[in-house]
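Reading through the structure tokens given below for one structure.
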Amino acid sequence: MAAMLGIFGIGLLFSGVQVTSSVLTVDIPQRVYKIARDDTVTIPCKFTPQTSPTAQVRVTWKAAPDKPEDPVISIVTYNGPTSIKVQSKYRGRATFIHDIPNGKADLQLQKVTSTDTRSYECNVEDVNNEEDAVSDTASLIVLVAPTPPVCKIEGVAEYFQDIKLTCHSAEGTPAPTYKWQSYTTANVPRPNPNKATDLNGVLSLFNVTMETSGFYICTSANEIRSETCNLTLAVMPPSMSMASIGGIVGAAVGVVVLFGAIILCCYCCRRKEKPEEYAMGTPEGEEFTDKEPEGKDYQRVTYEEERSVKSAADRRDPPDDRSERSYDRRSDYTDRRDDPKERRERDDRYDDRYDDRRDDRYSDRYDDRRSDRYDDRYDDRRDDRRGRVDDRRGRVDDRRGRDDDNYESDRYSERSERPPMLPPNKPRDPRI
């Protein structure tokens with residue numbers, strides 16, 4: 001029977017009758033495709049086309065939504081060589097590489113990002129028979145290298161405390177794995193302390209001691225590459241709390257303020273006390289002591305008396321240069337002063353000249369009119385006035401003489417009593 005069917009089939013073949021098949025098949029070679037971020041990936045799709053020359057094929061690439069309840073994303077739709085539609089979100093990044101007669105309908109994505117990590121479906125159907133649509137799916141994973149992790153210490157690194165060392169990378173696809181490695185203070189590798197747990201980048205340390213101190217390095221790695229971070233752990237003895245420190249600082253400040261107030265009060269009291277008395281001098285050849293020597297009588301004066309004596313001495317005994325200047329001024333004044341006798345003679349000459357001029361000018365006009373009575377009265381009045389002037393001049397000259405004598409006597413008596421201000425070897429001024 002089988003032989004008869006085989007012979008019948010061969011006869012049909014040679015008789016020119018063609019056998020057609022309406023079954024479509026779609027195949028994506030791999031289930032998962034991995035690609036690094038910013039690279040270009042091509043997801044292949046192969047299908048078995050219709051043998052009928054009148055068949056028309058539609059190819060659609062779809063992507064799974066971000067949320068299960070959202071609709072499926074249509075990336076590319078092929079309805080013929082001149083009818084290819086690309087979804088607006090993927091324009092410029094998605095390309096449809098096709099050869100429909102040979103069953104090729106590949107999807108190419110450029111500059112992939114982490115959001116492109118999802119499932120993709122290649123759907124092929126006969127336009128004339130939509131019920132025969134066939135599809136296949138594959139997953140795309142965009143790999144992202146882990147970013148440099150951040151290492152932190154949670155807790156207080158003191159004796160007999162429990163602390164945690166954390167390590168975390170902000171990015172990384174697939175999710176990176178973490179591993180802690182411990183080193184001594186001499187940078188020698190060592191196993192993690194007893195009872196320590198290393199889970200998802202968290203290293204838990206219990207009942208830490210001085211031996212727990214050292215260096216700790218965390219490694220974050222995935223299929224692309226790895227990154228590390230490190231920290232230094234120094235376990236210290238228990239310290240005082242901030243409240244205790246604040247109390248000690250406050251007490252210290254209070255003590256300083258108290259001592260300052262005491263010192264200020266003492267200073268004010270000392271200033272209000274009576275000024276201390278000082279000795280006017282110390283005998284030559286003897287050292288100064290607080291006690292007065294026996295058998296000697298020293299004059300004791302107050303500070304105010306000493307200042308008054310010094311000021312009076314300064315006013316009475318000016319420096320040598322001042323005394324010399326005053327002497328020069330006095331000498332100039334004496335030289336410039338006229339002699340009283342010369343002044344009288346000058347006045348007489350002036351009176352004579354005045355009388356001569358007056359007589360020459362008025363003699364012709366008033367000789368006849370002037371009588372003896374008026375002449376005598378005028379002469380007597382003139383003589384009286386002249387006598388009063390002479391008396392006044394005499395008194396002025398006498399007063400000037402007395403003042404000069406007193407000034408000379410007082411000045412030279414004071415200079416004779418005052419100790420010489422000049423060195424013994426300097427000659428004295430002959431004018432003194």
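Chain lettering (A, B, ...) mirrors the order of the structure tokens, residue numbering begins at 1 for each chain separately, and ligand numbering begins at 1 in order of display.
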Shell around region 162-169 of chain A at 8 Å using only C-alpha atoms, local window under 2 positions removed, as a PyMOL selection string: chain A and resi 146-157+160+171-172+176+178+201-208+218+220+229
Atoms kept (N, CA, C and O atoms) for selection, written as a short mmCIF file (atom, residue, chain, number, x, y, z; two decimals), in the first residue's frame:
```cif
data_model
loop_
_atom_site.label_atom_id
_atom_site.label_comp_id
_atom_site.auth_asym_id
_atom_site.auth_seq_id
_atom_site.Cartn_x
_atom_site.Cartn_y
_atom_site.Cartn_z
N PRO A 146 27.73 49.43 36.71
CA PRO A 146 27.41 50.06 38.01
C PRO A 146 28.19 51.35 38.19
O PRO A 146 29.38 51.45 37.83
N THR A 147 27.54 52.33 38.72
CA THR A 147 28.22 53.57 39.05
C THR A 147 29.09 53.36 40.29
O THR A 147 28.87 52.42 41.07
N PRO A 148 30.11 54.21 40.51
CA PRO A 148 30.95 54.05 41.70
C PRO A 148 30.09 54.06 42.96
O PRO A 148 29.30 54.98 43.19
N PRO A 149 30.18 53.04 43.79
CA PRO A 149 29.33 52.98 44.99
C PRO A 149 29.74 54.00 46.04
O PRO A 149 30.84 54.55 46.01
N VAL A 150 28.84 54.22 46.97
CA VAL A 150 29.07 55.13 48.09
C VAL A 150 29.11 54.31 49.37
O VAL A 150 28.18 53.55 49.66
N CYS A 151 30.21 54.45 50.13
CA CYS A 151 30.39 53.71 51.38
C CYS A 151 30.12 54.64 52.56
O CYS A 151 30.61 55.78 52.58
N LYS A 152 29.37 54.18 53.53
CA LYS A 152 29.04 54.94 54.73
C LYS A 152 29.12 54.06 55.97
O LYS A 152 29.06 52.84 55.87
N ILE A 153 29.25 54.73 57.12
CA ILE A 153 29.24 54.05 58.43
C ILE A 153 27.97 54.48 59.15
O ILE A 153 27.73 55.68 59.34
N GLU A 154 27.17 53.53 59.54
CA GLU A 154 25.97 53.80 60.32
C GLU A 154 26.18 53.34 61.74
O GLU A 154 26.46 52.16 61.98
N GLY A 155 26.06 54.28 62.68
CA GLY A 155 26.30 53.96 64.08
C GLY A 155 27.53 54.68 64.60
O GLY A 155 28.20 55.44 63.89
N VAL A 156 27.82 54.46 65.88
CA VAL A 156 28.96 55.09 66.56
C VAL A 156 30.07 54.06 66.69
O VAL A 156 29.87 53.00 67.30
N ALA A 157 31.21 54.39 66.12
CA ALA A 157 32.35 53.46 66.13
C ALA A 157 33.07 53.55 67.47
O ALA A 157 34.15 54.14 67.59
N PHE A 160 32.45 48.07 71.90
CA PHE A 160 31.30 47.26 72.28
C PHE A 160 29.97 47.78 71.68
O PHE A 160 28.91 47.53 72.23
N GLU A 171 23.26 53.24 39.89
CA GLU A 171 22.81 52.59 38.66
C GLU A 171 23.55 51.28 38.48
O GLU A 171 24.65 51.09 38.99
N GLY A 172 22.94 50.45 37.67
CA GLY A 172 23.56 49.16 37.33
C GLY A 172 22.52 48.18 36.85
O GLY A 172 21.56 47.90 37.58
N PRO A 176 23.76 45.16 40.38
CA PRO A 176 25.10 44.70 40.77
C PRO A 176 25.08 43.91 42.06
O PRO A 176 24.17 44.04 42.89
N TYR A 178 27.37 42.98 45.59
CA TYR A 178 28.31 43.69 46.46
C TYR A 178 29.09 42.70 47.30
O TYR A 178 28.56 41.67 47.73
N GLY A 201 25.19 44.43 50.14
CA GLY A 201 26.00 45.64 50.32
C GLY A 201 26.02 46.18 51.73
O GLY A 201 26.56 47.26 51.95
N VAL A 202 25.48 45.49 52.72
CA VAL A 202 25.47 45.93 54.11
C VAL A 202 26.29 44.94 54.93
O VAL A 202 25.92 43.77 55.05
N LEU A 203 27.39 45.44 55.49
CA LEU A 203 28.24 44.62 56.35
C LEU A 203 27.94 45.00 57.80
O LEU A 203 28.23 46.12 58.23
N SER A 204 27.37 44.08 58.54
CA SER A 204 26.99 44.33 59.94
C SER A 204 28.09 43.82 60.85
O SER A 204 28.52 42.67 60.76
N LEU A 205 28.57 44.69 61.75
CA LEU A 205 29.61 44.36 62.71
C LEU A 205 29.03 44.47 64.11
O LEU A 205 28.37 45.48 64.44
N PHE A 206 29.31 43.47 64.94
CA PHE A 206 28.73 43.41 66.28
C PHE A 206 29.84 43.44 67.33
O PHE A 206 30.90 42.82 67.16
N ASN A 207 29.56 44.21 68.42
CA ASN A 207 30.48 44.23 69.57
C ASN A 207 31.91 44.57 69.11
O ASN A 207 32.86 43.83 69.36
N VAL A 208 32.04 45.69 68.45
CA VAL A 208 33.34 46.05 67.85
C VAL A 208 34.35 46.37 68.94
O VAL A 208 34.00 46.82 70.03
N CYS A 218 34.58 47.88 49.39
CA CYS A 218 33.37 47.28 48.84
C CYS A 218 33.47 47.27 47.32
O CYS A 218 33.83 48.29 46.71
N SER A 220 31.34 46.65 43.78
CA SER A 220 30.03 46.55 43.12
C SER A 220 30.27 46.11 41.68
O SER A 220 30.99 46.80 40.93
N CYS A 229 34.63 51.14 46.36
CA CYS A 229 34.75 52.26 47.29
C CYS A 229 35.37 51.73 48.57
O CYS A 229 35.31 50.52 48.85
#
```
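Within the 10 Å cut-off around Thr115 (chain A), using only C-alpha atoms and omitting residues fewer than 3 positions from it on the same chain, the listed residues are Asp66, Val112, Arg118, Ile141 and Val142 of chain A.
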